[in-house]
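Reproduced below: target-v3.cif, with mmCIF, C-alpha atoms.
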data_data
#
loop_
_atom_site.label_atom_id
_atom_site.label_comp_id
_atom_site.auth_asym_id
_atom_site.auth_seq_id
_atom_site.Cartn_x
_atom_site.Cartn_y
_atom_site.Cartn_z
CA MET I 20 16.15 25.71 60.55
CA SER I 21 19.04 25.32 62.95
CA ASP I 22 22.16 27.33 62.16
CA ALA I 23 24.11 24.14 62.87
CA PHE I 24 22.90 22.74 59.53
CA ALA I 25 24.59 25.55 57.60
CA PRO I 26 28.14 24.88 56.37
CA GLU I 27 29.15 28.32 57.62
CA SER I 28 28.83 27.16 61.25
CA CYS I 29 31.49 24.50 60.68
CA HIS I 30 33.68 26.99 58.83
CA ARG I 31 33.41 29.56 61.62
CA ARG I 32 34.68 27.00 64.12
CA LEU I 33 37.61 26.03 61.92
CA LEU I 34 38.49 29.62 61.05
CA ALA I 35 38.65 30.53 64.73
CA ASP I 36 41.77 28.41 65.22
CA PRO I 37 43.30 27.21 61.94
CA PRO I 38 46.38 24.94 62.10
CA ARG I 39 48.93 27.47 60.73
CA LYS I 40 51.67 24.86 60.94
CA LEU I 41 54.23 27.42 59.77
CA ARG I 42 53.05 30.32 61.91
CA PHE I 43 55.69 32.84 62.95
CA ARG I 44 57.35 32.07 66.27
CA PRO I 45 59.87 34.62 67.59
CA ASP I 46 62.09 31.91 69.06
CA ALA I 47 62.39 29.92 65.80
CA ASP I 48 65.36 30.06 63.44
CA PHE I 49 64.25 32.84 61.10
CA ALA I 50 66.15 31.73 58.00
CA ALA I 51 65.00 28.11 58.28
CA TRP I 52 61.38 29.16 58.86
CA ARG I 53 61.51 31.53 55.92
CA ALA I 54 62.81 28.78 53.64
CA GLU I 55 59.97 26.48 54.67
CA MET I 56 57.43 29.25 54.07
CA ASP I 57 58.83 29.96 50.63
CA ALA I 58 58.67 26.32 49.57
CA LYS I 59 55.14 25.85 50.89
CA LEU I 60 53.74 29.01 49.26
CA ARG I 61 55.22 28.03 45.90
CA GLU I 62 53.66 24.58 46.27
CA LEU I 63 50.21 25.94 47.15
CA ILE I 64 49.94 28.56 44.40
CA GLY I 65 50.33 25.78 41.83
CA TRP I 66 52.64 25.05 38.95
CA LEU I 67 53.90 27.85 36.75
CA PRO I 68 55.19 27.68 33.17
CA GLU I 69 58.77 27.77 32.03
CA ARG I 70 60.18 31.12 30.98
CA ALA I 71 59.77 31.47 27.21
CA PRO I 72 60.57 34.31 24.79
CA LEU I 73 58.64 37.45 25.75
CA ASP I 74 57.90 38.52 22.17
CA ILE I 75 57.77 42.20 23.21
CA ARG I 76 55.76 44.34 20.79
CA ILE I 77 55.89 48.15 20.99
CA GLU I 78 52.45 49.37 19.91
CA ASP I 79 52.64 53.11 20.51
CA GLN I 80 54.94 55.80 21.88
CA THR I 81 53.75 59.26 22.91
CA GLN I 82 54.88 62.19 25.02
CA THR I 83 53.19 64.57 27.43
CA ASP I 84 54.66 67.48 29.34
CA ALA I 85 55.15 65.14 32.31
CA PHE I 86 56.24 61.79 30.87
CA ASP I 87 57.18 59.61 27.91
CA GLU I 88 54.68 56.80 27.42
CA THR I 89 55.22 53.47 25.71
CA ARG I 90 52.36 51.09 25.09
CA PHE I 91 53.68 47.53 24.69
CA VAL I 92 52.57 43.91 24.92
CA PHE I 93 54.55 40.87 26.04
CA ALA I 94 53.78 37.15 26.26
CA ALA I 95 53.83 35.94 29.86
CA GLU I 96 53.28 32.42 28.52
CA PRO I 97 51.80 31.02 25.31
CA GLY I 98 48.27 32.38 24.98
CA ALA I 99 48.71 34.97 27.74
CA ASP I 100 49.59 38.36 26.25
CA VAL I 101 49.93 41.20 28.77
CA PRO I 102 49.23 44.77 27.62
CA CYS I 103 51.17 47.45 29.53
CA HIS I 104 51.92 51.15 29.59
CA LEU I 105 55.31 52.38 30.76
CA LEU I 106 55.42 56.00 31.90
CA ILE I 107 58.87 57.56 32.40
CA PRO I 108 59.15 61.08 33.86
CA ARG I 109 60.50 63.60 31.39
CA GLY I 110 63.70 65.40 32.22
CA ALA I 111 65.09 62.74 34.56
CA ALA I 112 68.83 63.11 35.00
CA GLY I 113 69.43 59.36 34.83
CA PRO I 114 67.77 55.98 35.31
CA VAL I 115 64.79 56.24 37.67
CA PRO I 116 63.11 53.76 40.03
CA VAL I 117 60.03 52.06 38.62
CA VAL I 118 56.81 51.15 40.41
CA ILE I 119 54.56 48.37 39.09
CA CYS I 120 50.97 49.63 39.40
CA LEU I 121 48.14 47.11 39.72
CA GLN I 122 44.42 47.77 39.63
CA GLY I 123 42.05 45.46 41.45
CA HIS I 124 38.49 44.57 40.45
CA SER I 125 37.82 47.45 38.11
CA THR I 126 37.20 48.08 34.44
CA GLY I 127 40.94 47.93 33.77
CA MET I 128 44.39 49.46 33.84
CA HIS I 129 43.17 52.67 32.21
CA ILE I 130 42.10 53.66 35.73
CA SER I 131 45.80 53.79 36.69
CA LEU I 132 46.34 56.13 33.75
CA GLY I 133 43.49 58.43 34.83
CA ARG I 134 41.60 57.78 31.57
CA PRO I 135 37.93 56.93 32.11
CA LYS I 136 36.33 54.63 29.54
CA TYR I 137 33.13 53.41 31.21
CA ASP I 138 30.40 54.67 33.49
CA GLY I 139 31.72 54.87 37.03
CA ASP I 140 35.37 55.19 36.06
CA GLU I 141 35.53 58.82 37.18
CA LYS I 142 34.44 57.82 40.68
CA SER I 143 37.02 55.04 40.78
CA ILE I 144 39.80 57.38 39.67
CA ALA I 145 38.71 59.90 42.31
CA GLY I 146 39.45 57.29 44.97
CA ASP I 147 43.19 57.88 44.44
CA ARG I 148 43.39 55.01 41.93
CA ASP I 149 45.26 56.78 39.12
CA PHE I 150 48.37 55.01 40.36
CA GLY I 151 50.53 55.48 37.27
CA LEU I 152 50.10 59.24 37.26
CA GLN I 153 50.76 59.36 41.01
CA ALA I 154 54.00 57.42 40.63
CA VAL I 155 55.24 59.80 37.92
CA ARG I 156 54.44 62.80 40.12
CA GLN I 157 56.63 61.19 42.79
CA GLY I 158 59.50 61.02 40.30
CA TYR I 159 59.22 57.30 39.57
CA ALA I 160 58.56 55.49 36.33
CA ALA I 161 55.32 53.50 36.33
CA LEU I 162 54.67 50.12 34.75
CA VAL I 163 50.89 49.92 34.43
CA MET I 164 49.87 46.30 33.78
CA GLU I 165 46.53 44.77 32.83
CA GLN I 166 45.78 41.89 35.19
CA ARG I 167 44.14 38.66 34.10
CA CYS I 168 40.32 38.90 33.99
CA PHE I 169 40.27 42.72 34.03
CA GLY I 170 40.01 45.36 31.31
CA GLU I 171 41.52 44.24 28.04
CA ARG I 172 42.04 40.77 29.52
CA LYS I 173 38.46 40.25 30.67
CA ASP I 174 36.66 36.96 30.11
CA ALA I 175 35.58 37.20 26.47
CA ARG I 176 32.79 34.63 26.71
CA GLU I 177 29.24 35.85 26.27
CA ASN I 178 27.58 37.05 29.50
CA ALA I 179 30.84 36.78 31.44
CA GLY I 180 30.66 40.39 32.65
CA ARG I 181 33.10 43.22 32.20
CA HIS I 182 35.72 41.87 34.60
CA ASP I 183 34.33 38.61 35.95
CA CYS I 184 37.06 36.44 37.44
CA THR I 185 34.92 33.48 38.50
CA HIS I 186 35.22 31.05 35.61
CA PRO I 187 38.91 31.74 34.81
CA SER I 188 39.78 31.31 38.51
CA MET I 189 37.96 27.98 38.67
CA VAL I 190 39.70 26.77 35.51
CA SER I 191 43.04 27.73 37.05
CA LEU I 192 42.22 25.41 39.96
CA LEU I 193 41.16 22.69 37.55
CA LEU I 194 44.61 22.93 35.95
CA GLY I 195 46.46 22.79 39.26
CA ARG I 196 47.12 26.52 39.30
CA THR I 197 45.66 29.56 41.05
CA MET I 198 44.72 32.97 39.69
CA ILE I 199 46.99 34.55 42.31
CA GLY I 200 49.90 32.47 41.04
CA GLU I 201 49.16 33.34 37.41
CA ARG I 202 48.95 37.05 38.13
CA CYS I 203 52.19 36.97 40.11
CA TRP I 204 53.81 35.19 37.17
CA ASP I 205 52.71 38.07 34.93
CA VAL I 206 54.37 40.55 37.30
CA SER I 207 57.59 38.56 37.29
CA ARG I 208 57.55 38.40 33.49
CA GLY I 209 56.82 42.13 33.41
CA ILE I 210 60.09 42.68 35.25
CA ASP I 211 61.78 40.46 32.66
CA ALA I 212 60.32 42.72 29.95
CA LEU I 213 61.70 45.83 31.65
CA GLU I 214 65.14 44.22 31.83
CA GLU I 215 65.02 43.21 28.18
CA ALA I 216 63.67 46.37 26.58
CA PHE I 217 63.92 49.38 28.91
CA ALA I 218 66.93 48.89 31.18
CA ASP I 219 68.75 51.95 29.84
CA ARG I 220 66.18 54.37 31.31
CA LEU I 221 65.22 52.55 34.52
CA ASP I 222 67.03 51.79 37.77
CA LEU I 223 66.08 48.14 38.02
CA SER I 224 67.74 47.77 41.41
CA ARG I 225 64.81 49.87 42.67
CA ILE I 226 61.57 48.20 41.59
CA GLY I 227 58.47 48.85 43.66
CA CYS I 228 55.05 47.25 43.46
CA MET I 229 51.75 48.71 44.63
CA GLY I 230 48.01 48.32 44.14
CA ASN I 231 44.64 48.52 45.84
CA SER I 232 42.25 45.68 46.68
CA GLY I 233 42.90 42.93 44.12
CA GLY I 234 45.96 44.94 43.12
CA GLY I 235 47.02 44.84 46.76
CA THR I 236 46.54 41.08 46.73
CA VAL I 237 48.95 40.60 43.84
CA THR I 238 51.36 43.19 45.25
CA TRP I 239 51.50 41.15 48.46
CA PHE I 240 52.04 37.74 46.88
CA ALA I 241 54.30 38.94 44.06
CA SER I 242 56.52 40.58 46.67
CA CYS I 243 56.64 37.28 48.57
CA LEU I 244 57.65 35.36 45.45
CA GLU I 245 59.74 37.81 43.39
CA GLY I 246 62.97 38.99 44.99
CA ARG I 247 63.55 41.68 42.37
CA ILE I 248 60.68 43.67 43.91
CA ALA I 249 62.61 45.92 46.26
CA ALA I 250 59.65 47.60 48.02
CA ALA I 251 55.92 46.90 48.34
CA MET I 252 52.83 49.00 49.10
CA PRO I 253 49.68 46.84 49.21
CA SER I 254 46.49 48.79 49.92
CA CYS I 255 43.15 47.54 51.28
CA TYR I 256 44.14 43.89 51.30
CA VAL I 257 46.47 43.05 54.19
CA CYS I 258 44.25 41.59 56.91
CA THR I 259 43.63 38.10 58.26
CA PHE I 260 42.36 35.49 55.84
CA ALA I 261 39.90 34.41 58.54
CA ASP I 262 38.31 37.85 58.96
CA SER I 263 38.33 38.86 55.28
CA ILE I 264 38.07 36.21 52.57
CA GLY I 265 37.16 33.56 55.15
CA SER I 266 34.17 35.43 56.54
CA ILE I 267 33.04 37.88 53.85
CA ASN I 268 32.00 37.08 50.28
CA HIS I 269 34.97 37.66 47.98
CA CYS I 270 35.72 36.71 44.41
CA PRO I 271 37.38 33.30 43.89
CA ASP I 272 40.60 34.85 42.61
CA ASN I 273 41.46 35.61 46.26
CA TYR I 274 41.83 32.02 47.41
CA ILE I 275 44.79 29.65 47.71
CA PRO I 276 43.74 26.08 48.55
CA GLY I 277 44.97 24.93 51.94
CA ALA I 278 46.61 28.22 52.92
CA LEU I 279 45.31 28.25 56.50
CA GLN I 280 46.70 24.80 57.12
CA TRP I 281 50.10 26.48 56.98
CA PHE I 282 49.97 30.25 57.47
CA GLU I 283 47.91 33.36 58.02
CA MET I 284 48.51 36.40 55.87
CA ALA I 285 50.78 38.04 58.45
CA ASP I 286 53.13 35.06 58.46
CA LEU I 287 53.87 35.65 54.78
CA ALA I 288 55.56 38.94 55.70
CA GLY I 289 58.56 36.77 56.48
CA LEU I 290 59.00 36.36 52.72
CA ILE I 291 59.03 40.14 52.16
CA ALA I 292 61.18 41.24 55.11
CA PRO I 293 63.55 43.00 55.36
CA ARG I 294 62.53 44.88 52.19
CA PRO I 295 60.50 48.09 52.74
CA LEU I 296 56.79 47.41 53.21
CA VAL I 297 54.03 50.01 53.51
CA VAL I 298 50.60 48.60 54.38
CA VAL I 299 47.69 50.94 53.57
CA ALA I 300 44.24 50.40 55.10
CA GLY I 301 40.97 52.23 55.66
CA THR I 302 39.31 52.28 59.05
CA GLU I 303 35.88 51.81 57.45
CA ASP I 304 36.83 49.19 54.85
CA PRO I 305 33.82 46.83 54.82
CA ILE I 306 35.60 43.81 53.30
CA PHE I 307 39.00 43.94 55.03
CA PRO I 308 38.00 44.81 58.61
CA PHE I 309 40.37 47.24 60.27
CA PRO I 310 40.63 45.54 63.71
CA ALA I 311 41.97 42.44 61.91
CA VAL I 312 44.33 44.67 59.90
CA GLN I 313 45.74 45.99 63.17
CA ARG I 314 46.26 42.49 64.57
CA THR I 315 47.93 41.43 61.34
CA TYR I 316 50.23 44.42 61.36
CA GLU I 317 51.34 43.65 64.93
CA THR I 318 52.61 40.29 63.69
CA ILE I 319 54.20 41.90 60.63
CA ALA I 320 56.06 44.34 62.89
CA ALA I 321 57.30 41.44 65.04
CA ILE I 322 58.51 39.60 61.92
CA TYR I 323 60.38 42.68 60.71
CA ALA I 324 62.01 43.01 64.11
CA ALA I 325 63.08 39.36 63.93
CA ALA I 326 64.49 40.04 60.46
CA GLY I 327 66.60 42.86 61.89
CA ALA I 328 64.68 45.61 60.07
CA PRO I 329 62.08 47.01 62.48
CA ASP I 330 62.02 50.41 60.75
CA ASN I 331 61.33 49.02 57.27
CA CYS I 332 57.57 48.52 57.69
CA ARG I 333 54.80 51.03 58.27
CA LEU I 334 51.00 51.01 58.56
CA VAL I 335 49.18 53.89 56.85
CA ILE I 336 45.68 54.41 58.27
CA GLY I 337 43.12 56.17 56.09
CA GLN I 338 39.97 57.55 57.70
CA GLY I 339 37.58 56.02 55.22
CA GLY I 340 36.68 52.96 53.21
CA HIS I 341 38.03 50.62 50.54
CA ARG I 342 40.34 52.92 48.58
CA PHE I 343 43.95 54.04 48.33
CA TYR I 344 45.18 56.94 50.49
CA ALA I 345 47.73 58.51 48.18
CA THR I 346 49.13 61.42 50.18
CA ASP I 347 50.16 59.41 53.24
CA GLY I 348 50.88 56.25 51.27
CA TRP I 349 53.46 57.77 48.94
CA ALA I 350 55.02 59.80 51.75
CA ARG I 351 55.62 56.68 53.85
CA PHE I 352 56.83 54.80 50.76
CA ALA I 353 59.46 57.48 50.09
CA GLU I 354 60.52 57.47 53.74
CA ARG I 355 60.97 53.70 53.91
CA THR I 356 62.72 53.39 50.53
CA GLY I 357 64.69 56.63 50.34
CA TRP I 358 63.63 56.87 46.68
CA GLN I 359 62.73 60.55 46.74
CA ALA I 360 63.10 62.24 43.36
#
If you convert what's in this file into structure tokens, what do you get?
Amino acid sequence: MSDAFAPESCHRRLLADPPRKLRFRPDADFAAWRAEMDAKLRELIGWLPERAPLDIRIEDQTQTDAFDETRFVFAAEPGADVPCHLLIPRGAAGPVPVVICLQGHSTGMHISLGRPKYDGDEKSIAGDRDFGLQAVRQGYAALVMEQRCFGERKDARENAGRHDCTHPSMVSLLLGRTMIGERCWDVSRGIDALEEAFADRLDLSRIGCMGNSGGGTVTWFASCLEGRIAAAMPSCYVCTFADSIGSINHCPDNYIPGALQWFEMADLAGLIAPRPLVVVAGTEDPIFPFPAVQRTYETIAAIYAAAGAPDNCRLVIGQGGHRFYATDGWARFAERTGWQA
């Protein structure tokens, strides 16, 4: 059978030169372009609910030698409760910066806490994915959030799998929403919860966001949409749409309808600049190819230069696969933010 009969042949042609009507152009008015990008992204991710009472419920409070831990739940919207753990370093002299920690496709947020529950969790944690504990060791508080479709928020229908995102993501589209938009909404409401219930112990002028893979996805888009995020560290996500989710099988929660009509991933950096941005990538990542990461970062660097902040972005290169690279990642994060303990 001819390859020309396969839909992929048409897609390959279109992916090779997508319209990108709002692509970054160095000679364009930066502020006007940024405003257009912001409006278009908000349109494409779909409608979001009105802010309603958070109904914060403290479920448990414990202490370790290293941190105070609060387990709490808030309502991002009716029918969407978000379980969280807030870790605050013990002995801090005053309010501390807080980093929102987001797992990707995994068995849940307990990975960020370094607490295996299921077979394979130990291996996942060993890939530098105990983000909450890492943040505390850096002197930051950590807000560990359960993302939609994962862990305690997995699809509860029979035979849905432990963290299957397919059906919920398709229903989001049916409703005129996207899973990316819904997860970013949860992050924004998480910041609301910190402001409402924990502001006395946190420096909420210094909110970071980080995550790997699907956590990197939401870190990227939440940082584009939520101005209270002061610094971002997406890992194993930043690439080109064309070379990653456009060419390699990915879960449907990665997709925003019509995105390539308007922008590539790099163009969206205009919505994060000039805030500190650390992009983490692995040279052997099989699903976010490193050559495309490098091309994307070149555009990101040009955008940051146009925003007047060329020193506020960095690319961390790990010699390995699809994982976080904690030592270099946190070091570059501290350098760009100046948030050293």
Spatial neighbours of Asp219 in chain I, 7 Å, all atoms listed in the file, chain gap at least 2 places, as a compact mmCIF listing (two decimals) with C-alpha atoms, in the coordinates of the input:
# COMPACT_ATOMS: atom_id res chain seq x y z
CA PRO I 114 67.77 55.98 35.31
CA PHE I 217 63.92 49.38 28.91
CA LEU I 221 65.22 52.55 34.52
If we draw a sphere of 9 Å around (42.4, 32.8, 59.2), which residues have at least one atom in it when counting all atoms listed in the file? Please report them as a list of chain:residue names.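 Those residues lying close to the given coordinates are I:Leu33, I:Leu34, I:Ala35, I:Asp36, I:Pro37, I:Arg39, I:Thr259, I:Phe260, I:Ala261, I:Asp262, I:Ser263, I:Ile264, I:Gly265, I:Ala278, I:Leu279, I:Phe282, I:Glu283, I:Met284.
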May I have a table of the residues of range 218-331 of chain I lying at most 10 Å from range 46-54 of chain I, giving each one's closest pair of atoms and their distance in Å to one decimal, counting only C-alpha atoms, ordered by chain and ascending residue number, as JSON lines?
{"residue": "I:Asp286", "atom": "CA", "partner": "I:Arg53", "partner_atom": "CA", "distance": 9.4}
{"residue": "I:Leu287", "atom": "CA", "partner": "I:Arg53", "partner_atom": "CA", "distance": 8.8}
{"residue": "I:Ala288", "atom": "CA", "partner": "I:Arg53", "partner_atom": "CA", "distance": 9.5}
{"residue": "I:Gly289", "atom": "CA", "partner": "I:Arg53", "partner_atom": "CA", "distance": 6.0}
{"residue": "I:Leu290", "atom": "CA", "partner": "I:Arg53", "partner_atom": "CA", "distance": 6.3}
{"residue": "I:Ile291", "atom": "CA", "partner": "I:Arg53", "partner_atom": "CA", "distance": 9.7}
{"residue": "I:Ala292", "atom": "CA", "partner": "I:Arg53", "partner_atom": "CA", "distance": 9.7}
{"residue": "I:Ile322", "atom": "CA", "partner": "I:Phe49", "partner_atom": "CA", "distance": 8.9}
{"residue": "I:Ala325", "atom": "CA", "partner": "I:Phe49", "partner_atom": "CA", "distance": 7.2}
{"residue": "I:Ala326", "atom": "CA", "partner": "I:Phe49", "partner_atom": "CA", "distance": 7.2}
Just so the selection is clear, what residues does the PyMOL selection byres ((chain I and resi 212) around 10) cover here, as a PyMOL selection string? chain I and resi 72-75+91-95+206-211+213-218
Closest pair table for range 96-168 of chain I residues within 10 Å of range 230-249 of chain I, all atoms listed in the file, as a Markdown table:
| residue | atom | partner | partner_atom | distance |
| --- | --- | --- | --- | --- |
| I:Val117 | CA | I:Ile248 | CA | 9.9 |
| I:Val118 | CA | I:Ile248 | CA | 9.1 |
| I:Ile119 | CA | I:Gly230 | CA | 8.3 |
| I:Cys120 | CA | I:Gly230 | CA | 5.7 |
| I:Leu121 | CA | I:Gly230 | CA | 4.6 |
| I:Gln122 | CA | I:Gly234 | CA | 4.7 |
| I:Gly123 | CA | I:Gly233 | CA | 3.8 |
| I:His124 | CA | I:Gly233 | CA | 6.0 |
| I:Ser125 | CA | I:Gly233 | CA | 9.1 |
| I:Ser131 | CA | I:Gly230 | CA | 9.5 |
| I:Asp147 | CA | I:Asn231 | CA | 9.6 |
| I:Arg148 | CA | I:Asn231 | CA | 7.7 |
| I:Phe150 | CA | I:Gly230 | CA | 7.7 |
| I:Gln166 | CA | I:Gly234 | CA | 8.5 |
Applied to this file, what does the PyMOL selection byres ((chain I and resi 353) around 12) return in terms of residues, put as a ChimeraX atom specification? /I:116,118,154,157-159,225,227,250-252,295-297,331-333,345-352,354-360
What does the distance from CA of His186 in chain I to CA of Phe169 in chain I come to in Å, to one decimal?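 Between these atoms lies a distance of 12.8 Å.
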Hits of the PyMOL selection byres ((chain I and resi 68) around 12) in this structure, as number ranges by chain: I: 65-67, 69-72, 94-99, 194-196, 200-201, 203-205, 207-208
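Across the model, the gap from CA of Glu165 in chain I to CA of Arg109 in chain I is 23.5 Å.
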Length of the CA of Gly339 in chain I to CA of Val299 in chain I vector [Å]: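 Distance between the two atoms: 11.4 Å.
Of the listed residues I:Ile336, I:Asp84, I:Gly133, I:Asn273, the one whose atoms come nearest to Val312 in chain I is I:Ile336, with distances taken using all atoms listed in the file.
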For Gln338 in chain I, list every protein, DNA or RNA residue within 8 Å, evaluated using all atoms listed in the file, and leave out those in the same chain fewer than 2 positions away; present the list as JSON, numbers by chain. {"I": [301, 302, 303, 336, 340]}
Nearest residue to Ile319 in chain I from the set I:Gly146, I:Pro102, I:Gly139, I:Pro293 (distances using only C-alpha atoms): I:Pro293
